[in-house]
Amino acid sequence: MRNLLARMSSRHIILPALAATGFLYILIYLLFSTPASYVHKHSNPAAFDSDTGEFLDAKTLLRKKSSKGREKETLLPKNGHGIWVEGRDIEIMSAIHDLHHQNTSETRIVLPSFLRHSSNRNFLCCFQASPASLDYVQIKANLDFIDLRFVVDLQNAAFECVLNTTAEKSKRLHKLVFFAAETCDQNISSPLKIIYPELRSFEFAVCTKVAYLRLEPHRLLEWFIFMQLIGASKVLTFHNNLDADSLRVFEYYVRTGFLELVEYRPRSKIGGPDVKFTETNGQTRQARQDKTLVVRDCQYRLGGYNFVMTIDFDELPVPIRPFASVNWIVQNLLMNHSDASAFRMDPILLPPEWSNPKPGLYHWQFTSGTHIEPYCRKWIYFPKRTWLAATHESIPKEGYKTYTMPESVLHFLHFRTCKPDWLDVGCDNLTLSIKNERVLDRFSGTMLQKLRKMPLEDLIPDKRYVEQIRKPPRNQAEARKTSDDSIESILN
């Protein structure tokens, strides 16, 4: 035995064995650590880092991609750009879960978008299989709607991508969605964060169109307070090129949690000039398409609320006694119209030039007006029962109807000058048909109380307005004046 071991330990046997062991070790190292084996294992070209021109291992690439994803994910809320699909004339502005999709075993993601008419409409939604996965669930996008009332450079539209999974599972797995023209393996876009709205039973929200340039701060304050008085739980507003004084009021209500403010840069491209609304381009046909898109966005973003009211900052829906809130009015109307999808509000125009407004409560000084239907009609609609919500239109889902809001329960007041492009209205020959519009009076006391508790000096540049609001009551009768039947006084 000792002789056998001596022979095995000779250099003639040990050296070849060591060489074979070393060669085997090198072979194993090359096989499992080179880029070639990684590409074979992960054939998805996403494993190639186009920024550096290198191949990265899965964990490193995922960390880098996730970091970039988080940066791009905040791009839309931060500066309002949408996501352009490479090789397509399509800009996707948001991705929102449709809470009211009929098939509960599916998850429908709606994509409010801009689309060049008659261009290629085919693209894919690329959902990460899970937040920690490099693989994608690839879904073909389908065109759900396109606004062709008039053809412009880019129409407002909406696409949909439907996942074969429940909403709860999708909410856990799919936080982001990417887009690609042909395949999710190449030329994939930056991501959008998917918005999953929450159910808000027995509440209503207000959606406004795009706020831009200057909106007088004192008028804005009165508007926001009044929305709270009539029962609104939330306001959603998009803004573009907004005056600093106006923005200060918006930011105040963002801090209170009452306002969700989304900056809006439609049709802009990263690195290119931003689209900004001005007096010149803010009323073009393209601008109308731009503004209508946000109403479609509201329909799904606010889909968890019982109903949504779409109005502008120069409009006030005023309940008539005994009603003190819009909630109360709608509940009462549903007793006789259980199949309602929406209620149309016909406006009463109150032109400023027909009055002589002075410092003090602004909206309460206008008492002369006229009816201008069918212009400037707005809607209170139920997202669950509505197929399409637009600025001046509401189309119900099958089985539901739209009705007119009776003036006996609500006056829809519109505070603005008649616009010459309102065809057939005849702005130069408007007939004064309402001489004593006083439905707002019952809310004046509560409005003053609310305003006096606010930091007016920080929010309103008009010192005369602030002085009038801060002025103490002249007598005991004025001191006792309060809103005896607003929603707040009823609840308290």
# chains A, B, ... in the order shown; residues from 1 in each chain; ligands from 1
>>> residues_around(residues="region 223-225 of chain A", least_positions_apart="4", cutoff="7 Å", atoms="only C-alpha atoms", output="PyMOL selection string")
chain A and resi 219+229+313
>>> residues_around(residues="Ile188 (chain A)", least_positions_apart="3", cutoff="10 Å", atoms="only C-alpha atoms", output="MDAnalysis selection string")
chainID A and resid 46 85:86 124:126 178:185 191
>>> atom_distance(atom1="CA of Cys298 (chain A)", atom2="CA of Val330 (chain A)")
19.5 Å
>>> residues_around(residues="Glu106 (chain A)", least_positions_apart="3", cutoff="7 Å", atoms="only C-alpha atoms", output="list in words")
Asn103, Val162, Leu163, Asn164, Thr165, Thr166 and Ala167 of chain A
>>> write_last_selection(atoms="all heavy atoms", output="mmCIF file, in the first residue's frame")
data_model
loop_
_atom_site.group_PDB
_atom_site.id
_atom_site.type_symbol
_atom_site.label_atom_id
_atom_site.label_comp_id
_atom_site.auth_asym_id
_atom_site.auth_seq_id
_atom_site.Cartn_x
_atom_site.Cartn_y
_atom_site.Cartn_z
ATOM 1 N N ASN A 103 -66.591 43.111 -16.447
ATOM 2 C CA ASN A 103 -66.021 41.786 -16.193
ATOM 3 C C ASN A 103 -65.055 41.877 -15.011
ATOM 4 O O ASN A 103 -63.947 42.387 -15.128
ATOM 5 C CB ASN A 103 -65.288 41.279 -17.440
ATOM 6 C CG ASN A 103 -64.894 39.816 -17.319
ATOM 7 O OD1 ASN A 103 -64.786 39.271 -16.215
ATOM 8 N ND2 ASN A 103 -64.661 39.166 -18.453
ATOM 9 N N VAL A 162 -56.585 45.567 -21.552
ATOM 10 C CA VAL A 162 -57.335 44.736 -20.617
ATOM 11 C C VAL A 162 -56.494 43.541 -20.203
ATOM 12 O O VAL A 162 -56.069 42.749 -21.041
ATOM 13 C CB VAL A 162 -58.670 44.267 -21.235
ATOM 14 C CG1 VAL A 162 -59.441 43.413 -20.231
ATOM 15 C CG2 VAL A 162 -59.512 45.469 -21.669
ATOM 16 N N LEU A 163 -56.247 43.435 -18.898
ATOM 17 C CA LEU A 163 -55.485 42.328 -18.328
ATOM 18 C C LEU A 163 -56.424 41.220 -17.872
ATOM 19 O O LEU A 163 -57.495 41.500 -17.318
ATOM 20 C CB LEU A 163 -54.662 42.814 -17.136
ATOM 21 C CG LEU A 163 -53.459 43.709 -17.446
ATOM 22 C CD1 LEU A 163 -53.159 44.595 -16.260
ATOM 23 C CD2 LEU A 163 -52.261 42.855 -17.805
ATOM 24 N N ASN A 164 -56.013 39.980 -18.080
ATOM 25 C CA ASN A 164 -56.825 38.838 -17.634
ATOM 26 C C ASN A 164 -56.507 38.502 -16.181
ATOM 27 O O ASN A 164 -56.011 37.429 -15.851
ATOM 28 C CB ASN A 164 -56.570 37.622 -18.538
ATOM 29 C CG ASN A 164 -57.114 37.834 -19.930
ATOM 30 O OD1 ASN A 164 -58.207 38.375 -20.094
ATOM 31 N ND2 ASN A 164 -56.355 37.428 -20.933
ATOM 32 N N THR A 165 -56.776 39.457 -15.307
ATOM 33 C CA THR A 165 -56.555 39.255 -13.876
ATOM 34 C C THR A 165 -57.485 40.181 -13.108
ATOM 35 O O THR A 165 -57.933 41.193 -13.640
ATOM 36 C CB THR A 165 -55.088 39.536 -13.503
ATOM 37 O OG1 THR A 165 -54.909 39.343 -12.102
ATOM 38 C CG2 THR A 165 -54.708 40.963 -13.832
ATOM 39 N N THR A 166 -57.769 39.834 -11.869
ATOM 40 C CA THR A 166 -58.645 40.680 -11.069
ATOM 41 C C THR A 166 -57.950 41.989 -10.728
ATOM 42 O O THR A 166 -56.717 42.083 -10.747
ATOM 43 C CB THR A 166 -59.043 39.973 -9.765
ATOM 44 O OG1 THR A 166 -57.867 39.764 -8.970
ATOM 45 C CG2 THR A 166 -59.718 38.641 -10.055
ATOM 46 N N ALA A 167 -58.742 42.994 -10.396
ATOM 47 C CA ALA A 167 -58.188 44.301 -10.084
ATOM 48 C C ALA A 167 -57.290 44.250 -8.852
ATOM 49 O O ALA A 167 -56.247 44.904 -8.801
ATOM 50 C CB ALA A 167 -59.318 45.314 -9.869
#
>>> residues_around(residues="His101 (chain A)", least_positions_apart="6", cutoff="12 Å", atoms="only C-alpha atoms", output="list of chain:residue names")
A:Thr107, A:Arg108, A:Ile109, A:Val110, A:Glu160, A:Cys161, A:Val162, A:Leu163, A:Thr166, A:Ala167, A:Tyr300, A:Gly303, A:Pro383, A:Lys384, A:Arg385, A:Thr386, A:Trp387, A:Lys397
>>> select_by_dssp(residues="region 83-202 of chain A", states="strand (DSSP E or B)", output="number ranges by chain")
A: 83-84, 90-92, 95-97, 107-115, 124-128, 136-140, 142-146, 155-163, 176-180, 192-195, 200-202
>>> residues_around(residues="Pro455 (chain A)", least_positions_apart="6", cutoff="12 Å", atoms="only C-alpha atoms", output="NGL selection string")
:A and (218 or 221 or 248-249 or 252 or 461 or 466 or 469-470)
>>> residues_around(residues="region 335-343 of chain A", least_positions_apart="2", cutoff="10 Å", atoms="only C-alpha atoms", output="PyMOL selection string")
chain A and resi 307-309+330-333+345-346+378-387+389+393-406
>>> atom_distance(atom1="CA of Leu410 (chain A)", atom2="CA of Pro317 (chain A)")
6.6 Å
>>> atom_distance(atom1="CA of Asn122 (chain A)", atom2="CA of Val151 (chain A)")
19.9 Å
>>> residues_around(residues="Arg285 (chain A)", least_positions_apart="5", cutoff="10 Å", atoms="only C-alpha atoms", output="list in words")
Arg149, Phe150, Val151, Val152, Asp153, Gln155, Asp290 and Lys291 of chain A
>>> write_last_selection(atoms="N, CA, C and O atoms", output="PDB file, in the first residue's frame")
ATOM      1  N   ARG A 149     -65.162  65.730 -33.642  1.00  0.00           N
ATOM      2  CA  ARG A 149     -66.072  66.848 -33.921  1.00  0.00           C
ATOM      3  C   ARG A 149     -65.446  67.808 -34.923  1.00  0.00           C
ATOM      4  O   ARG A 149     -66.127  68.380 -35.770  1.00  0.00           O
ATOM      5  N   PHE A 150     -64.145  67.989 -34.819  1.00  0.00           N
ATOM      6  CA  PHE A 150     -63.380  68.740 -35.804  1.00  0.00           C
ATOM      7  C   PHE A 150     -61.973  68.177 -35.799  1.00  0.00           C
ATOM      8  O   PHE A 150     -61.441  67.783 -34.756  1.00  0.00           O
ATOM      9  N   VAL A 151     -61.370  68.084 -36.988  1.00  0.00           N
ATOM     10  CA  VAL A 151     -60.058  67.455 -37.130  1.00  0.00           C
ATOM     11  C   VAL A 151     -58.977  68.512 -36.953  1.00  0.00           C
ATOM     12  O   VAL A 151     -58.976  69.551 -37.617  1.00  0.00           O
ATOM     13  N   VAL A 152     -58.039  68.241 -36.034  1.00  0.00           N
ATOM     14  CA  VAL A 152     -56.921  69.147 -35.756  1.00  0.00           C
ATOM     15  C   VAL A 152     -55.636  68.331 -35.865  1.00  0.00           C
ATOM     16  O   VAL A 152     -55.634  67.218 -36.391  1.00  0.00           O
ATOM     17  N   ASP A 153     -54.542  68.891 -35.393  1.00  0.00           N
ATOM     18  CA  ASP A 153     -53.269  68.183 -35.489  1.00  0.00           C
ATOM     19  C   ASP A 153     -53.308  66.879 -34.703  1.00  0.00           C
ATOM     20  O   ASP A 153     -52.952  65.812 -35.204  1.00  0.00           O
ATOM     21  N   GLN A 155     -55.972  64.661 -32.147  1.00  0.00           N
ATOM     22  CA  GLN A 155     -57.297  64.527 -31.543  1.00  0.00           C
ATOM     23  C   GLN A 155     -57.157  64.004 -30.120  1.00  0.00           C
ATOM     24  O   GLN A 155     -56.230  63.242 -29.813  1.00  0.00           O
ATOM     25  N   ASP A 290     -57.517  69.734 -26.445  1.00  0.00           N
ATOM     26  CA  ASP A 290     -56.630  69.563 -25.294  1.00  0.00           C
ATOM     27  C   ASP A 290     -57.406  69.599 -23.986  1.00  0.00           C
ATOM     28  O   ASP A 290     -57.164  68.799 -23.074  1.00  0.00           O
ATOM     29  N   LYS A 291     -58.328  70.536 -23.872  1.00  0.00           N
ATOM     30  CA  LYS A 291     -59.069  70.713 -22.618  1.00  0.00           C
ATOM     31  C   LYS A 291     -60.094  69.603 -22.409  1.00  0.00           C
ATOM     32  O   LYS A 291     -60.362  69.196 -21.269  1.00  0.00           O
TER      33      LYS A 291
END
>>> select_by_dssp(residues="region 270-407 of chain A", states="helix (DSSP H, G or I)", output="MDAnalysis selection string")
chainID A and resid 285:301 326:334 352:354 363:365 383:385
